[in-house]
>>> print(open('query.cif').read())   # mmCIF, C-alpha atoms
data_coords
#
loop_
_atom_site.label_atom_id
_atom_site.label_comp_id
_atom_site.auth_asym_id
_atom_site.auth_seq_id
_atom_site.Cartn_x
_atom_site.Cartn_y
_atom_site.Cartn_z
CA TYR A 1 0.00 0.00 0.00
CA THR A 2 1.16 3.52 -0.66
CA SER A 3 0.41 6.72 1.17
CA ARG A 4 -2.50 8.64 -0.20
CA LYS A 5 -3.34 12.27 0.31
CA GLY A 6 -6.86 13.51 0.11
CA ALA A 7 -9.65 15.36 1.75
CA PHE A 8 -13.35 15.02 2.24
CA THR A 9 -16.13 17.14 3.61
CA GLY A 10 -17.41 15.69 6.83
CA ALA A 11 -18.42 16.30 10.40
CA VAL A 12 -16.58 15.87 13.67
CA THR A 13 -18.73 15.05 16.67
CA TYR A 14 -17.93 14.57 20.32
CA SER A 15 -19.50 11.98 22.58
CA GLU A 16 -19.70 13.05 26.23
CA ASP A 17 -20.33 9.44 27.24
CA SER A 18 -17.32 7.84 25.60
CA GLY A 19 -15.07 10.90 25.48
CA LEU A 20 -14.31 10.15 21.82
CA TYR A 21 -14.48 12.24 18.70
CA GLY A 22 -16.47 10.76 15.84
CA ILE A 23 -15.76 11.43 12.19
CA SER A 24 -18.37 11.12 9.48
CA ALA A 25 -18.15 11.89 5.77
CA GLY A 26 -21.90 11.52 5.58
CA ASP A 27 -21.70 8.79 2.97
CA GLY A 28 -22.38 5.87 5.33
CA ILE A 29 -18.95 4.42 4.51
CA HIS A 30 -16.42 6.77 6.05
CA GLU A 31 -17.64 6.64 9.63
CA GLY A 32 -15.24 6.26 12.53
CA ILE A 33 -13.54 7.75 15.57
CA TRP A 34 -10.36 9.66 16.32
CA GLU A 35 -8.03 7.13 17.94
CA PRO A 36 -5.01 8.63 19.69
CA SER A 37 -1.93 6.43 19.99
CA GLY A 38 -2.12 3.96 22.82
CA SER A 39 -5.84 4.46 23.42
CA ALA A 40 -6.93 1.06 22.08
CA SER A 41 -6.89 -1.80 24.55
CA SER A 42 -3.65 -3.72 24.81
CA SER A 43 -5.50 -6.89 23.84
CA SER A 44 -6.62 -5.31 20.56
CA SER A 45 -5.44 -7.11 17.46
CA LEU A 46 -6.05 -4.03 15.29
CA PRO A 47 -3.00 -2.59 13.54
CA TYR A 48 -1.55 0.88 14.19
CA THR A 49 -2.73 1.23 17.78
CA ASP A 50 0.60 2.93 18.50
CA VAL A 51 -0.05 5.98 16.26
CA ASP A 52 -2.67 8.73 16.07
CA GLY A 53 -5.33 8.55 13.39
CA ILE A 54 -8.90 7.91 12.33
CA ARG A 55 -10.12 4.38 13.01
CA TRP A 56 -12.90 3.67 10.54
CA ASN A 57 -15.76 1.34 11.46
CA ASP A 58 -14.38 -1.31 9.09
CA GLY A 59 -11.19 -1.51 11.20
CA ASN A 60 -8.91 0.40 8.81
CA LYS A 61 -6.98 3.32 10.24
CA TRP A 62 -5.77 6.44 8.50
CA ILE A 63 -2.70 7.45 10.45
CA VAL A 64 -1.13 10.83 11.06
CA GLN A 65 2.34 11.04 9.59
CA SER A 66 3.33 14.48 10.85
CA GLN A 67 5.53 15.02 13.84
CA ALA A 68 2.82 16.80 15.79
CA THR A 69 1.48 14.66 18.60
CA VAL A 70 -1.98 14.40 20.09
CA VAL A 71 -1.99 13.73 23.84
CA LYS A 72 -4.60 13.57 26.55
CA ASN A 73 -5.32 16.96 28.08
CA GLU A 74 -4.78 16.87 31.84
CA LYS A 75 -7.04 19.91 32.25
CA TYR A 76 -10.00 18.12 30.69
CA ASP A 77 -12.92 17.50 33.06
CA LYS A 78 -15.88 15.75 31.42
CA ASN A 79 -18.37 17.15 33.93
CA ALA A 80 -17.01 20.70 33.92
CA ASN A 81 -17.65 21.03 30.19
CA LYS A 82 -21.39 20.45 30.51
CA ASN A 83 -23.03 23.86 30.39
CA ASP A 84 -26.21 25.28 28.96
CA ASN A 85 -24.82 28.47 27.49
CA ASP A 86 -23.45 28.88 23.99
CA ASP A 87 -20.09 30.25 25.15
CA ASP A 88 -17.42 27.87 23.80
CA SER A 89 -14.53 29.90 25.19
CA SER A 90 -14.41 27.89 28.42
CA TYR A 91 -14.54 24.49 26.72
CA VAL A 92 -11.48 22.30 27.26
CA THR A 93 -10.94 19.47 24.79
CA PRO A 94 -10.02 15.97 26.00
CA TYR A 95 -6.99 15.89 23.70
CA LYS A 96 -4.48 18.55 22.73
CA VAL A 97 -1.99 18.84 19.88
CA ILE A 98 1.66 19.25 20.79
CA SER A 99 3.55 20.90 17.98
CA LYS A 100 6.94 19.87 16.67
CA PRO A 101 9.90 20.35 19.01
CA LEU A 102 12.00 23.47 18.49
CA SER A 103 14.98 21.39 17.37
CA THR A 104 12.85 19.88 14.59
CA LYS A 105 11.64 23.32 13.50
CA ILE A 106 15.22 24.62 13.44
CA GLY A 107 16.35 21.59 11.43
CA GLU A 108 13.56 22.15 8.94
CA GLY A 109 14.52 25.83 8.64
CA ILE A 110 18.14 24.90 7.91
CA PHE A 111 17.01 22.33 5.35
CA TYR A 112 14.74 24.81 3.54
CA ALA A 113 17.51 27.44 3.56
CA TYR A 114 19.91 24.90 2.05
CA ILE A 115 17.39 24.03 -0.66
CA GLY A 116 16.86 27.74 -1.39
CA VAL A 117 20.58 28.50 -1.63
CA SER A 118 21.15 25.41 -3.80
CA THR A 119 18.37 26.50 -6.15
CA LEU A 120 19.82 30.00 -6.43
CA ALA A 121 23.27 28.55 -7.13
CA GLY A 122 21.80 26.39 -9.89
CA VAL A 123 20.02 29.35 -11.46
CA LYS A 124 23.23 31.42 -11.29
CA GLY A 125 25.11 28.58 -13.03
CA VAL A 126 22.59 28.52 -15.87
CA VAL A 127 22.69 32.31 -16.24
CA ASP A 128 26.51 32.28 -16.27
CA ALA A 129 26.55 29.56 -18.96
CA VAL A 130 24.10 31.50 -21.14
CA ASN A 131 26.13 34.71 -20.74
CA ARG A 132 29.41 32.89 -21.53
CA LYS A 133 27.89 31.34 -24.66
CA ARG A 134 26.55 34.74 -25.78
CA ASP A 135 29.95 36.39 -25.19
CA GLU A 136 31.68 33.63 -27.23
CA GLN A 137 29.26 34.15 -30.12
CA GLN A 138 29.76 37.94 -30.04
CA SER A 139 33.55 37.63 -30.00
CA MET A 140 33.44 35.30 -33.03
CA ALA A 141 31.31 37.73 -35.04
#
>>> encode(input="query.cif", output="structure tokens")
Amino acid sequence: YTSRKGAFTGAVTYSEDSGLYGISAGDGIHEGIWEPSGSASSSSSLPYTDVDGIRWNDGNKWIVQSQATVVKNEKYDKNANKNDNDDDSSYVTPYKVISKPLSTKIGEGIFYAYIGVSTLAGVKGVVDAVNRKRDEQQSMA
């Protein structure tokens, strides 16, 4: 199998009872839950229980391949989030996304700078070759 990239329009729901996020594309096929790494039972025979992703109802799992990590939110209190007003500003999610470590971001920055400088050097080489060829043709004429 190869990695596929894609998108679909769908809905994300939250179940207060289970504490899980549901994902639905609305087509009756792509229905599942968000399954953080390590959240499946240790006796589960399902693959990819060690990585974050969407576990579809058919057992397949689309996994997250970025370096961001989803972890349980220690500040989450299931009962504290039940309120009757429409103010979502006080809502705390059961999971939070931890971004890439600073060392990874710095490494990526260095890599992109290297690619940029290499590209500029290549362009300069092509321009120099064109100018040299033009100068040779003018000196012969």
>>> resolve_selection(input="query.cif", expression="the PyMOL selection byres ((chain A and resi 29) around 12)", output="list in words")
Gly10, Ile23, Ser24, Ala25, Gly26, Asp27, Gly28, His30, Glu31, Gly32, Trp56, Asn57, Asp58, Gly59 and Asn60 of chain A
>>> resolve_selection(input="query.cif", expression="the PyMOL selection byres ((chain A and resi 49) around 10)", output="JSON, numbers by chain")
{"A": [35, 36, 37, 38, 39, 40, 41, 42, 44, 45, 46, 47, 48, 50, 51, 52, 53, 55, 61, 63]}
>>> atom_distance(input="query.cif", atom1="atom CA of A:Ala11", atom2="atom CA of A:Lys100")
26.4 Å
>>> atom_distance(input="query.cif", atom1="atom CA of A:Val126", atom2="atom CA of A:Phe111")
22.8 Å
>>> atom_distance(input="query.cif", atom1="atom CA of A:Ser15", atom2="atom CA of A:Gln65")
25.4 Å
>>> closest_residue(input="query.cif", among="A:Ile115, A:Ile110, A:Val71, A:Ala129", to="A:Tyr95", atoms="all atoms listed in the file")
A:Val71
